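Dumped coords.txt below, it's compact mmCIF, N, CA and C atoms:
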# COMPACT_ATOMS: atom_id res chain seq x y z
N GLN A 1 96.10 123.56 88.65
CA GLN A 1 95.88 124.93 88.20
C GLN A 1 96.89 125.85 88.88
N VAL A 2 97.46 126.74 88.12
CA VAL A 2 98.39 127.72 88.66
C VAL A 2 97.89 129.11 88.30
N GLN A 3 97.96 130.02 89.26
CA GLN A 3 97.59 131.40 89.02
C GLN A 3 98.86 132.25 88.98
N LEU A 4 98.94 133.13 87.99
CA LEU A 4 100.11 133.96 87.79
C LEU A 4 99.73 135.43 87.93
N VAL A 5 100.54 136.18 88.68
CA VAL A 5 100.28 137.61 88.86
C VAL A 5 101.58 138.37 88.61
N GLU A 6 101.54 139.29 87.64
CA GLU A 6 102.69 140.10 87.32
C GLU A 6 102.69 141.39 88.13
N SER A 7 103.88 141.93 88.36
CA SER A 7 104.03 143.22 89.02
C SER A 7 105.33 143.85 88.57
N GLY A 8 105.52 145.12 88.88
CA GLY A 8 106.77 145.79 88.58
C GLY A 8 106.74 146.70 87.38
N GLY A 9 105.64 146.73 86.66
CA GLY A 9 105.55 147.62 85.51
C GLY A 9 105.44 149.07 85.94
N GLY A 10 105.53 149.97 84.96
CA GLY A 10 105.41 151.39 85.27
C GLY A 10 105.92 152.25 84.14
N LEU A 11 106.13 153.52 84.46
CA LEU A 11 106.64 154.49 83.50
C LEU A 11 108.11 154.76 83.79
N VAL A 12 108.92 154.69 82.74
CA VAL A 12 110.36 154.91 82.90
C VAL A 12 110.87 155.65 81.67
N GLN A 13 111.93 156.42 81.86
CA GLN A 13 112.53 157.13 80.74
C GLN A 13 113.41 156.18 79.93
N ALA A 14 113.59 156.51 78.68
CA ALA A 14 114.48 155.72 77.82
C ALA A 14 115.86 155.63 78.47
N GLY A 15 116.42 154.43 78.41
CA GLY A 15 117.71 154.18 79.04
C GLY A 15 117.61 153.66 80.46
N GLY A 16 116.42 153.72 81.02
CA GLY A 16 116.21 153.27 82.39
C GLY A 16 116.00 151.77 82.49
N SER A 17 115.69 151.34 83.72
CA SER A 17 115.53 149.91 84.00
C SER A 17 114.27 149.65 84.80
N LEU A 18 113.75 148.45 84.62
CA LEU A 18 112.64 147.95 85.43
C LEU A 18 112.86 146.46 85.65
N ARG A 19 112.33 145.95 86.77
CA ARG A 19 112.32 144.51 86.98
C ARG A 19 110.88 144.05 87.17
N LEU A 20 110.45 143.19 86.28
CA LEU A 20 109.11 142.61 86.39
C LEU A 20 109.18 141.31 87.19
N SER A 21 108.13 141.07 87.95
CA SER A 21 108.01 139.83 88.70
C SER A 21 106.71 139.13 88.30
N CYS A 22 106.74 137.83 88.36
CA CYS A 22 105.56 137.00 88.09
C CYS A 22 105.50 135.98 89.21
N THR A 23 104.54 136.15 90.09
CA THR A 23 104.43 135.27 91.26
C THR A 23 103.31 134.26 91.04
N ALA A 24 103.60 133.03 91.36
CA ALA A 24 102.64 131.95 91.14
C ALA A 24 102.03 131.47 92.45
N SER A 25 100.80 131.04 92.36
CA SER A 25 100.13 130.40 93.49
C SER A 25 99.39 129.18 92.98
N GLY A 26 99.20 128.23 93.84
CA GLY A 26 98.46 127.04 93.47
C GLY A 26 99.34 125.86 93.11
N ARG A 27 100.49 126.13 92.56
CA ARG A 27 101.44 125.08 92.20
C ARG A 27 102.85 125.61 92.35
N THR A 28 103.82 124.71 92.49
CA THR A 28 105.21 125.14 92.54
C THR A 28 105.74 125.32 91.13
N LEU A 29 106.45 126.42 90.90
CA LEU A 29 106.98 126.70 89.58
C LEU A 29 108.15 125.81 89.20
N SER A 30 108.62 125.02 90.11
CA SER A 30 109.76 124.15 89.82
C SER A 30 109.41 123.10 88.76
N ASN A 31 108.12 122.90 88.50
CA ASN A 31 107.69 121.92 87.51
C ASN A 31 107.22 122.56 86.21
N TYR A 32 107.54 123.84 86.02
CA TYR A 32 107.02 124.58 84.88
C TYR A 32 108.14 125.27 84.10
N ALA A 33 108.06 125.20 82.77
CA ALA A 33 108.82 126.10 81.92
C ALA A 33 108.01 127.39 81.81
N MET A 34 108.70 128.53 81.69
CA MET A 34 107.99 129.79 81.73
C MET A 34 108.51 130.76 80.68
N GLY A 35 107.69 131.77 80.42
CA GLY A 35 108.08 132.74 79.42
C GLY A 35 107.47 134.11 79.70
N TRP A 36 108.03 135.10 79.03
CA TRP A 36 107.50 136.46 79.02
C TRP A 36 107.12 136.81 77.58
N PHE A 37 105.98 137.44 77.44
CA PHE A 37 105.50 137.93 76.16
C PHE A 37 105.04 139.36 76.34
N ARG A 38 104.93 140.09 75.24
CA ARG A 38 104.44 141.45 75.32
C ARG A 38 103.53 141.76 74.14
N GLN A 39 102.65 142.71 74.36
CA GLN A 39 101.75 143.14 73.29
C GLN A 39 101.58 144.64 73.36
N ALA A 40 101.96 145.29 72.27
CA ALA A 40 101.80 146.73 72.14
C ALA A 40 100.47 147.02 71.45
N PRO A 41 99.93 148.23 71.64
CA PRO A 41 98.64 148.57 71.01
C PRO A 41 98.69 148.38 69.51
N GLY A 42 97.70 147.67 68.98
CA GLY A 42 97.62 147.48 67.55
C GLY A 42 98.56 146.43 66.99
N LYS A 43 99.29 145.75 67.86
CA LYS A 43 100.24 144.74 67.40
C LYS A 43 99.91 143.38 68.02
N GLU A 44 100.45 142.35 67.41
CA GLU A 44 100.24 141.01 67.92
C GLU A 44 101.16 140.75 69.12
N ARG A 45 100.75 139.78 69.92
CA ARG A 45 101.59 139.37 71.04
C ARG A 45 102.91 138.82 70.50
N GLU A 46 104.02 139.19 71.13
CA GLU A 46 105.31 138.70 70.68
C GLU A 46 106.13 138.13 71.83
N PHE A 47 106.95 137.19 71.48
CA PHE A 47 107.83 136.52 72.43
C PHE A 47 108.91 137.49 72.91
N VAL A 48 109.20 137.46 74.20
CA VAL A 48 110.27 138.28 74.76
C VAL A 48 111.41 137.40 75.28
N ALA A 49 111.08 136.47 76.19
CA ALA A 49 112.11 135.64 76.81
C ALA A 49 111.47 134.37 77.35
N ALA A 50 112.28 133.34 77.49
CA ALA A 50 111.79 132.07 78.03
C ALA A 50 112.87 131.42 78.88
N VAL A 51 112.44 130.59 79.81
CA VAL A 51 113.37 129.86 80.67
C VAL A 51 112.84 128.45 80.86
N SER A 52 113.75 127.51 80.93
CA SER A 52 113.36 126.11 81.09
C SER A 52 112.92 125.82 82.52
N ARG A 53 112.35 124.67 82.72
CA ARG A 53 111.88 124.25 84.04
C ARG A 53 113.00 124.31 85.07
N ASP A 54 114.20 123.86 84.70
CA ASP A 54 115.30 123.83 85.67
C ASP A 54 116.02 125.18 85.77
N GLY A 55 115.60 126.14 84.96
CA GLY A 55 116.18 127.48 85.04
C GLY A 55 117.53 127.62 84.38
N ASP A 56 118.04 126.55 83.81
CA ASP A 56 119.40 126.58 83.26
C ASP A 56 119.47 127.04 81.81
N THR A 57 118.37 126.97 81.10
CA THR A 57 118.36 127.33 79.68
C THR A 57 117.43 128.50 79.46
N THR A 58 117.92 129.52 78.76
CA THR A 58 117.11 130.70 78.49
C THR A 58 117.17 131.05 77.00
N ALA A 59 116.19 131.83 76.57
CA ALA A 59 116.14 132.29 75.18
C ALA A 59 115.54 133.68 75.17
N TYR A 60 115.96 134.48 74.17
CA TYR A 60 115.49 135.86 74.09
C TYR A 60 115.15 136.22 72.65
N ALA A 61 114.22 137.14 72.51
CA ALA A 61 113.97 137.72 71.20
C ALA A 61 115.18 138.58 70.83
N ASP A 62 115.46 138.66 69.55
CA ASP A 62 116.61 139.46 69.09
C ASP A 62 116.50 140.91 69.56
N SER A 63 115.29 141.41 69.64
CA SER A 63 115.08 142.83 69.97
C SER A 63 115.44 143.16 71.41
N VAL A 64 115.51 142.15 72.29
CA VAL A 64 115.81 142.41 73.70
C VAL A 64 117.10 141.75 74.16
N ASN A 65 117.70 140.94 73.30
CA ASN A 65 118.91 140.22 73.68
C ASN A 65 119.99 141.19 74.15
N ALA A 66 120.66 140.85 75.21
CA ALA A 66 121.73 141.64 75.82
C ALA A 66 121.21 142.82 76.62
N ARG A 67 119.90 143.06 76.62
CA ARG A 67 119.32 144.11 77.45
C ARG A 67 118.43 143.53 78.56
N PHE A 68 117.76 142.43 78.27
CA PHE A 68 116.83 141.81 79.22
C PHE A 68 117.43 140.51 79.74
N THR A 69 117.09 140.18 80.99
CA THR A 69 117.52 138.92 81.58
C THR A 69 116.35 138.26 82.29
N VAL A 70 116.08 137.01 81.93
CA VAL A 70 115.01 136.25 82.57
C VAL A 70 115.63 135.30 83.59
N SER A 71 114.96 135.16 84.73
CA SER A 71 115.44 134.23 85.75
C SER A 71 114.26 133.67 86.51
N LYS A 72 114.49 132.51 87.10
CA LYS A 72 113.42 131.78 87.77
C LYS A 72 113.89 131.41 89.17
N ALA A 73 113.17 131.88 90.16
CA ALA A 73 113.50 131.58 91.55
C ALA A 73 112.48 130.59 92.07
N ASN A 74 112.77 129.32 91.92
CA ASN A 74 111.80 128.30 92.31
C ASN A 74 111.46 128.35 93.79
N ALA A 75 112.43 128.67 94.63
CA ALA A 75 112.19 128.72 96.07
C ALA A 75 111.19 129.82 96.44
N LYS A 76 111.14 130.86 95.62
CA LYS A 76 110.21 131.97 95.86
C LYS A 76 108.97 131.87 94.97
N ASN A 77 108.93 130.83 94.15
CA ASN A 77 107.81 130.66 93.22
C ASN A 77 107.59 131.88 92.34
N THR A 78 108.70 132.46 91.90
CA THR A 78 108.64 133.72 91.16
C THR A 78 109.53 133.69 89.94
N LEU A 79 109.03 134.29 88.86
CA LEU A 79 109.77 134.50 87.62
C LEU A 79 110.08 135.99 87.52
N TYR A 80 111.29 136.31 87.05
CA TYR A 80 111.69 137.72 86.93
C TYR A 80 112.05 138.04 85.48
N LEU A 81 111.94 139.32 85.17
CA LEU A 81 112.46 139.84 83.91
C LEU A 81 113.14 141.17 84.22
N GLN A 82 114.46 141.16 84.22
CA GLN A 82 115.22 142.39 84.42
C GLN A 82 115.39 143.07 83.07
N MET A 83 114.93 144.31 82.98
CA MET A 83 114.95 145.03 81.72
C MET A 83 115.83 146.27 81.88
N ASN A 84 116.91 146.30 81.12
CA ASN A 84 117.85 147.43 81.15
C ASN A 84 117.87 148.13 79.80
N SER A 85 118.40 149.34 79.80
CA SER A 85 118.53 150.12 78.55
C SER A 85 117.21 150.15 77.79
N LEU A 86 116.15 150.45 78.48
CA LEU A 86 114.82 150.41 77.88
C LEU A 86 114.67 151.45 76.78
N LYS A 87 113.91 151.09 75.77
CA LYS A 87 113.66 151.94 74.62
C LYS A 87 112.15 152.20 74.50
N PRO A 88 111.75 153.28 73.85
CA PRO A 88 110.32 153.53 73.66
C PRO A 88 109.60 152.36 72.98
N GLU A 89 110.28 151.67 72.10
CA GLU A 89 109.65 150.54 71.42
C GLU A 89 109.44 149.33 72.32
N ASP A 90 109.93 149.39 73.55
CA ASP A 90 109.65 148.32 74.52
C ASP A 90 108.31 148.53 75.22
N THR A 91 107.65 149.65 74.96
CA THR A 91 106.36 149.93 75.56
C THR A 91 105.34 148.89 75.15
N ALA A 92 104.70 148.27 76.15
CA ALA A 92 103.73 147.20 75.88
C ALA A 92 103.18 146.70 77.21
N VAL A 93 102.17 145.84 77.11
CA VAL A 93 101.72 145.06 78.26
C VAL A 93 102.52 143.77 78.27
N TYR A 94 103.18 143.51 79.39
CA TYR A 94 104.02 142.32 79.52
C TYR A 94 103.28 141.26 80.34
N SER A 95 103.26 140.05 79.80
CA SER A 95 102.57 138.95 80.47
C SER A 95 103.51 137.77 80.65
N CYS A 96 103.37 137.08 81.78
CA CYS A 96 104.13 135.86 81.97
C CYS A 96 103.23 134.66 81.68
N ALA A 97 103.87 133.55 81.37
CA ALA A 97 103.14 132.34 81.02
C ALA A 97 103.88 131.13 81.55
N ALA A 98 103.14 130.05 81.78
CA ALA A 98 103.75 128.84 82.34
C ALA A 98 103.14 127.61 81.68
N THR A 99 103.96 126.58 81.56
CA THR A 99 103.47 125.31 81.06
C THR A 99 104.13 124.18 81.84
N PRO A 100 103.36 123.17 82.28
CA PRO A 100 103.96 122.07 83.03
C PRO A 100 104.93 121.28 82.15
N THR A 101 106.04 120.89 82.73
CA THR A 101 107.10 120.23 81.98
C THR A 101 107.65 119.07 82.78
N GLY A 102 107.84 117.95 82.12
CA GLY A 102 108.36 116.78 82.80
C GLY A 102 109.85 116.86 83.06
N TYR A 103 110.36 115.95 83.88
CA TYR A 103 111.78 115.97 84.25
C TYR A 103 112.67 115.75 83.02
N ILE A 104 112.26 114.88 82.13
CA ILE A 104 113.09 114.57 80.96
C ILE A 104 113.29 115.80 80.09
N THR A 105 112.29 116.66 80.01
CA THR A 105 112.38 117.87 79.17
C THR A 105 112.64 119.10 80.01
N ARG A 106 113.30 118.93 81.13
CA ARG A 106 113.51 120.03 82.08
C ARG A 106 114.37 121.15 81.51
N SER A 107 115.12 120.90 80.46
CA SER A 107 115.99 121.92 79.87
C SER A 107 115.39 122.57 78.63
N ILE A 108 114.15 122.27 78.34
CA ILE A 108 113.50 122.79 77.14
C ILE A 108 112.80 124.10 77.46
N TYR A 109 112.89 125.08 76.56
CA TYR A 109 112.12 126.31 76.69
C TYR A 109 111.17 126.42 75.50
N HIS A 110 110.24 127.35 75.58
CA HIS A 110 109.21 127.48 74.56
C HIS A 110 109.08 128.92 74.12
N ARG A 111 108.97 129.13 72.80
CA ARG A 111 108.87 130.48 72.24
C ARG A 111 107.46 130.83 71.78
N GLU A 112 106.61 129.84 71.58
CA GLU A 112 105.29 130.09 71.00
C GLU A 112 104.22 130.22 72.09
N PRO A 113 103.33 131.22 71.99
CA PRO A 113 102.25 131.36 72.98
C PRO A 113 101.40 130.10 73.10
N SER A 114 101.21 129.40 71.99
CA SER A 114 100.36 128.20 72.01
C SER A 114 100.94 127.08 72.85
N GLU A 115 102.21 127.17 73.20
CA GLU A 115 102.86 126.12 74.00
C GLU A 115 102.63 126.32 75.50
N TYR A 116 101.99 127.42 75.87
CA TYR A 116 101.78 127.73 77.28
C TYR A 116 100.32 127.52 77.68
N ASP A 117 100.13 126.99 78.89
CA ASP A 117 98.80 126.69 79.38
C ASP A 117 98.23 127.76 80.31
N TYR A 118 99.10 128.48 81.00
CA TYR A 118 98.63 129.44 82.01
C TYR A 118 99.24 130.81 81.74
N TRP A 119 98.42 131.84 81.96
CA TRP A 119 98.83 133.21 81.67
C TRP A 119 98.44 134.13 82.81
N GLY A 120 99.27 135.14 83.04
CA GLY A 120 98.91 136.21 83.95
C GLY A 120 98.12 137.28 83.22
N GLN A 121 97.67 138.28 83.98
CA GLN A 121 96.84 139.35 83.40
C GLN A 121 97.66 140.40 82.68
N GLY A 122 98.93 140.50 83.03
CA GLY A 122 99.80 141.47 82.37
C GLY A 122 100.05 142.70 83.22
N THR A 123 101.17 143.36 82.94
CA THR A 123 101.54 144.61 83.61
C THR A 123 102.05 145.58 82.54
N GLN A 124 101.62 146.83 82.65
CA GLN A 124 101.96 147.83 81.63
C GLN A 124 103.37 148.37 81.86
N VAL A 125 104.13 148.41 80.80
CA VAL A 125 105.45 149.06 80.80
C VAL A 125 105.40 150.17 79.75
N THR A 126 105.72 151.39 80.18
CA THR A 126 105.73 152.53 79.28
C THR A 126 107.09 153.20 79.37
N VAL A 127 107.74 153.34 78.21
CA VAL A 127 109.06 153.95 78.14
C VAL A 127 108.93 155.25 77.37
N SER A 128 109.25 156.35 78.01
CA SER A 128 109.15 157.66 77.38
C SER A 128 110.48 158.05 76.75
N SER A 129 110.39 158.80 75.68
CA SER A 129 111.62 159.21 74.96
C SER A 129 112.16 160.53 75.50
Please render this file's structure as structure tokens.
Amino acid sequence: QVQLVESGGGLVQAGGSLRLSCTASGRTLSNYAMGWFRQAPGKEREFVAAVSRDGDTTAYADSVNARFTVSKANAKNTLYLQMNSLKPEDTAVYSCAATPTGYITRSIYHREPSEYDYWGQGTQVTVSS
């Protein structure tokens, strides 16, 4: 069992930056592929970014590509999401997720929520115009 806790959310003006963190306890993240998802009021949860178990392969939603960067610090048991050039439409609750991954599939990432076994509670990001 792994517990995930997000932090770093808040209120920022359009064009600003935030860095979200997702800290794990109970297991080492070095054995997990991870992702970030977000959900805005009245909308379905959507994929934001993902990173493979070994941290070498990443993927992004088209809406955040070139603005957001996902990274995984296994030594710190932490996942990050650096968000730059924020827009009002980025406003949402951001959640991190993890799924155990074997060595053979260490370079695989996942885009679908159903592929993840563990979820954090989420952190609110609000971007004002």
- Which is closer to Tyr118 of chain A than all the others in A:Cys96, A:Ala59, A:Leu81, A:Ile104, using all atoms listed in the file?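 Closest to Tyr118 of chain A, using all atoms listed in the file: A:Cys96.
With atom N of Asp56 of chain A on one side and atom CA of Glu89 of chain A on the other, the separation reads 28.3 Å.
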- Extract the full set of strand (DSSP E or B) residues from chain A according to DSSP on the backbone, and format it as a PyMOL selection string. chain A and resi 3-7+10-13+18-25+32-39+46-51+58-60+68-73+78-83+92-100+118-119+123-128
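The closest residue to Tyr109 of chain A, picked from A:Lys76, A:Thr123, A:Ala92, A:Ser52 and counting only N, CA and C atoms, is A:Ser52.
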- Query: Can you list, as a list in words, every protein, DNA or RNA residue that comes within 8 Å of segment 32-35 of chain A when you count only C-alpha atoms, leaving out same-chain residues fewer than 2 positions away?
  - Reply: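 Neighbouring residues, sequence-local ones excluded: Thr28, Leu29, Ser30, Phe37, Phe47, Val48, Ala49, Ala50, Val51, Ser52, Arg53, Asp54, Leu79, Cys96, Ala97, Ala98, Thr99, Pro100, Thr101, Arg106, Ile108, Tyr109, His110, Arg111 and Tyr116 of chain A.
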Sel. within 6.5 Å of pt (114.5, 140.0, 81.7), counting only N, CA and C atoms, output as a compact mmCIF listing (two decimals) with N, CA and C atoms, keeping the file's coordinate frame:
# COMPACT_ATOMS: atom_id res chain seq x y z
N ARG A 67 119.90 143.06 76.62
CA ARG A 67 119.32 144.11 77.45
C ARG A 67 118.43 143.53 78.56
N PHE A 68 117.76 142.43 78.27
CA PHE A 68 116.83 141.81 79.22
C PHE A 68 117.43 140.51 79.74
N THR A 69 117.09 140.18 80.99
CA THR A 69 117.52 138.92 81.58
C THR A 69 116.35 138.26 82.29
N VAL A 70 116.08 137.01 81.93
CA VAL A 70 115.01 136.25 82.57
C VAL A 70 115.63 135.30 83.59
N SER A 71 114.96 135.16 84.73
CA SER A 71 115.44 134.23 85.75
C SER A 71 114.26 133.67 86.51
N TYR A 80 111.29 136.31 87.05
CA TYR A 80 111.69 137.72 86.93
C TYR A 80 112.05 138.04 85.48
N LEU A 81 111.94 139.32 85.17
CA LEU A 81 112.46 139.84 83.91
C LEU A 81 113.14 141.17 84.22
N GLN A 82 114.46 141.16 84.22
CA GLN A 82 115.22 142.39 84.42
C GLN A 82 115.39 143.07 83.07
N MET A 83 114.93 144.31 82.98
CA MET A 83 114.95 145.03 81.72
C MET A 83 115.83 146.27 81.88
- Selected residue of minimal separation from Pro113 of chain A among A:Lys87, A:Asn31, A:Glu46, A:Ser17, counting only C-alpha atoms: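 Answer, going by the shortest atom-to-atom distance: A:Glu46.
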- So which residues fall inside 7 Å of (112.1, 159.5, 79.2) if we count all atoms listed in the file? Mind giving them as a PyMOL selection string? chain A and resi 12-15+127-129
- Message: Applying 12 Å and only C-alpha atoms, which residues near Gln124 of chain A remain after dropping the ones on its own chain fewer than 2 positions away? List them as a VMD selection string.
- Response: chain A and resid 6 to 12 18 20 37 to 41 90 to 95 121 to 122 126 to 127
Residues as selected, N, CA and C atoms, written as an mmCIF file, keeping the file's coordinate frame, can you do that?
data_model
loop_
_atom_site.group_PDB
_atom_site.id
_atom_site.type_symbol
_atom_site.label_atom_id
_atom_site.label_comp_id
_atom_site.auth_asym_id
_atom_site.auth_seq_id
_atom_site.Cartn_x
_atom_site.Cartn_y
_atom_site.Cartn_z
ATOM 1 N N GLU A 6 101.540 139.290 87.640
ATOM 2 C CA GLU A 6 102.690 140.100 87.320
ATOM 3 C C GLU A 6 102.690 141.390 88.130
ATOM 4 N N SER A 7 103.880 141.930 88.360
ATOM 5 C CA SER A 7 104.030 143.220 89.020
ATOM 6 C C SER A 7 105.330 143.850 88.570
ATOM 7 N N GLY A 8 105.520 145.120 88.880
ATOM 8 C CA GLY A 8 106.770 145.790 88.580
ATOM 9 C C GLY A 8 106.740 146.700 87.380
ATOM 10 N N GLY A 9 105.640 146.730 86.660
ATOM 11 C CA GLY A 9 105.550 147.620 85.510
ATOM 12 C C GLY A 9 105.440 149.070 85.940
ATOM 13 N N GLY A 10 105.530 149.970 84.960
ATOM 14 C CA GLY A 10 105.410 151.390 85.270
ATOM 15 C C GLY A 10 105.920 152.250 84.140
ATOM 16 N N LEU A 11 106.130 153.520 84.460
ATOM 17 C CA LEU A 11 106.640 154.490 83.500
ATOM 18 C C LEU A 11 108.110 154.760 83.790
ATOM 19 N N VAL A 12 108.920 154.690 82.740
ATOM 20 C CA VAL A 12 110.360 154.910 82.900
ATOM 21 C C VAL A 12 110.870 155.650 81.670
ATOM 22 N N LEU A 18 113.750 148.450 84.620
ATOM 23 C CA LEU A 18 112.640 147.950 85.430
ATOM 24 C C LEU A 18 112.860 146.460 85.650
ATOM 25 N N LEU A 20 110.450 143.190 86.280
ATOM 26 C CA LEU A 20 109.110 142.610 86.390
ATOM 27 C C LEU A 20 109.180 141.310 87.190
ATOM 28 N N PHE A 37 105.980 137.440 77.440
ATOM 29 C CA PHE A 37 105.500 137.930 76.160
ATOM 30 C C PHE A 37 105.040 139.360 76.340
ATOM 31 N N ARG A 38 104.930 140.090 75.240
ATOM 32 C CA ARG A 38 104.440 141.450 75.320
ATOM 33 C C ARG A 38 103.530 141.760 74.140
ATOM 34 N N GLN A 39 102.650 142.710 74.360
ATOM 35 C CA GLN A 39 101.750 143.140 73.290
ATOM 36 C C GLN A 39 101.580 144.640 73.360
ATOM 37 N N ALA A 40 101.960 145.290 72.270
ATOM 38 C CA ALA A 40 101.800 146.730 72.140
ATOM 39 C C ALA A 40 100.470 147.020 71.450
ATOM 40 N N PRO A 41 99.930 148.230 71.640
ATOM 41 C CA PRO A 41 98.640 148.570 71.010
ATOM 42 C C PRO A 41 98.690 148.380 69.510
ATOM 43 N N ASP A 90 109.930 149.390 73.550
ATOM 44 C CA ASP A 90 109.650 148.320 74.520
ATOM 45 C C ASP A 90 108.310 148.530 75.220
ATOM 46 N N THR A 91 107.650 149.650 74.960
ATOM 47 C CA THR A 91 106.360 149.930 75.560
ATOM 48 C C THR A 91 105.340 148.890 75.150
ATOM 49 N N ALA A 92 104.700 148.270 76.150
ATOM 50 C CA ALA A 92 103.730 147.200 75.880
ATOM 51 C C ALA A 92 103.180 146.700 77.210
ATOM 52 N N VAL A 93 102.170 145.840 77.110
ATOM 53 C CA VAL A 93 101.720 145.060 78.260
ATOM 54 C C VAL A 93 102.520 143.770 78.270
ATOM 55 N N TYR A 94 103.180 143.510 79.390
ATOM 56 C CA TYR A 94 104.020 142.320 79.520
ATOM 57 C C TYR A 94 103.280 141.260 80.340
ATOM 58 N N SER A 95 103.260 140.050 79.800
ATOM 59 C CA SER A 95 102.570 138.950 80.470
ATOM 60 C C SER A 95 103.510 137.770 80.650
ATOM 61 N N GLN A 121 97.670 138.280 83.980
ATOM 62 C CA GLN A 121 96.840 139.350 83.400
ATOM 63 C C GLN A 121 97.660 140.400 82.680
ATOM 64 N N GLY A 122 98.930 140.500 83.030
ATOM 65 C CA GLY A 122 99.800 141.470 82.370
ATOM 66 C C GLY A 122 100.050 142.700 83.220
ATOM 67 N N THR A 126 105.720 151.390 80.180
ATOM 68 C CA THR A 126 105.730 152.530 79.280
ATOM 69 C C THR A 126 107.090 153.200 79.370
ATOM 70 N N VAL A 127 107.740 153.340 78.210
ATOM 71 C CA VAL A 127 109.060 153.950 78.140
ATOM 72 C C VAL A 127 108.930 155.250 77.370
#
- Calculate how many Å separate atom CA of Cys22 of chain A from atom N of Val5 of chain A, rounding to one decimal.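 It comes out at 5.1 Å.
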- Item | Atom-to-atom span, atom CA of Glu44 of chain A and atom CA of Thr23 of chain A, Å | 24.4 Å
Since the input lacks some atoms of segment 56-61 of chain A, please model all heavy atoms and print them as an mmCIF file, keeping the file's coordinate frame.
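Output file result_18.cif is given in full below:
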data_model
loop_
_atom_site.group_PDB
_atom_site.id
_atom_site.type_symbol
_atom_site.label_atom_id
_atom_site.label_comp_id
_atom_site.auth_asym_id
_atom_site.auth_seq_id
_atom_site.Cartn_x
_atom_site.Cartn_y
_atom_site.Cartn_z
ATOM 1 N N ASP A 56 118.040 126.550 83.810
ATOM 2 C CA ASP A 56 119.400 126.580 83.260
ATOM 3 C C ASP A 56 119.470 127.040 81.810
ATOM 4 O O ASP A 56 120.549 127.420 81.337
ATOM 5 C CB ASP A 56 120.038 125.189 83.374
ATOM 6 C CG ASP A 56 120.355 124.829 84.817
ATOM 7 O OD1 ASP A 56 120.385 125.750 85.656
ATOM 8 O OD2 ASP A 56 120.568 123.635 85.093
ATOM 9 N N THR A 57 118.370 126.970 81.100
ATOM 10 C CA THR A 57 118.360 127.330 79.680
ATOM 11 C C THR A 57 117.430 128.500 79.460
ATOM 12 O O THR A 57 116.286 128.490 79.920
ATOM 13 C CB THR A 57 117.890 126.134 78.830
ATOM 14 O OG1 THR A 57 118.657 124.980 79.166
ATOM 15 C CG2 THR A 57 118.063 126.439 77.353
ATOM 16 N N THR A 58 117.920 129.520 78.760
ATOM 17 C CA THR A 58 117.110 130.700 78.490
ATOM 18 C C THR A 58 117.170 131.050 77.000
ATOM 19 O O THR A 58 118.087 130.632 76.288
ATOM 20 C CB THR A 58 117.595 131.913 79.294
ATOM 21 O OG1 THR A 58 118.977 132.156 78.986
ATOM 22 C CG2 THR A 58 117.453 131.678 80.790
ATOM 23 N N ALA A 59 116.190 131.830 76.570
ATOM 24 C CA ALA A 59 116.140 132.290 75.180
ATOM 25 C C ALA A 59 115.540 133.680 75.170
ATOM 26 O O ALA A 59 114.710 134.013 76.031
ATOM 27 C CB ALA A 59 115.317 131.334 74.326
ATOM 28 N N TYR A 60 115.960 134.480 74.170
ATOM 29 C CA TYR A 60 115.490 135.860 74.090
ATOM 30 C C TYR A 60 115.150 136.220 72.650
ATOM 31 O O TYR A 60 115.750 135.709 71.698
ATOM 32 C CB TYR A 60 116.582 136.820 74.583
ATOM 33 C CG TYR A 60 116.959 136.609 76.024
ATOM 34 C CD1 TYR A 60 117.994 135.745 76.369
ATOM 35 C CD2 TYR A 60 116.264 137.263 77.037
ATOM 36 C CE1 TYR A 60 118.329 135.535 77.696
ATOM 37 C CE2 TYR A 60 116.598 137.061 78.372
ATOM 38 C CZ TYR A 60 117.626 136.194 78.689
ATOM 39 O OH TYR A 60 117.953 135.987 80.006
ATOM 40 N N ALA A 61 114.220 137.140 72.510
ATOM 41 C CA ALA A 61 113.970 137.720 71.200
ATOM 42 C C ALA A 61 115.180 138.580 70.830
ATOM 43 O O ALA A 61 115.832 139.152 71.700
ATOM 44 C CB ALA A 61 112.710 138.580 71.246
#
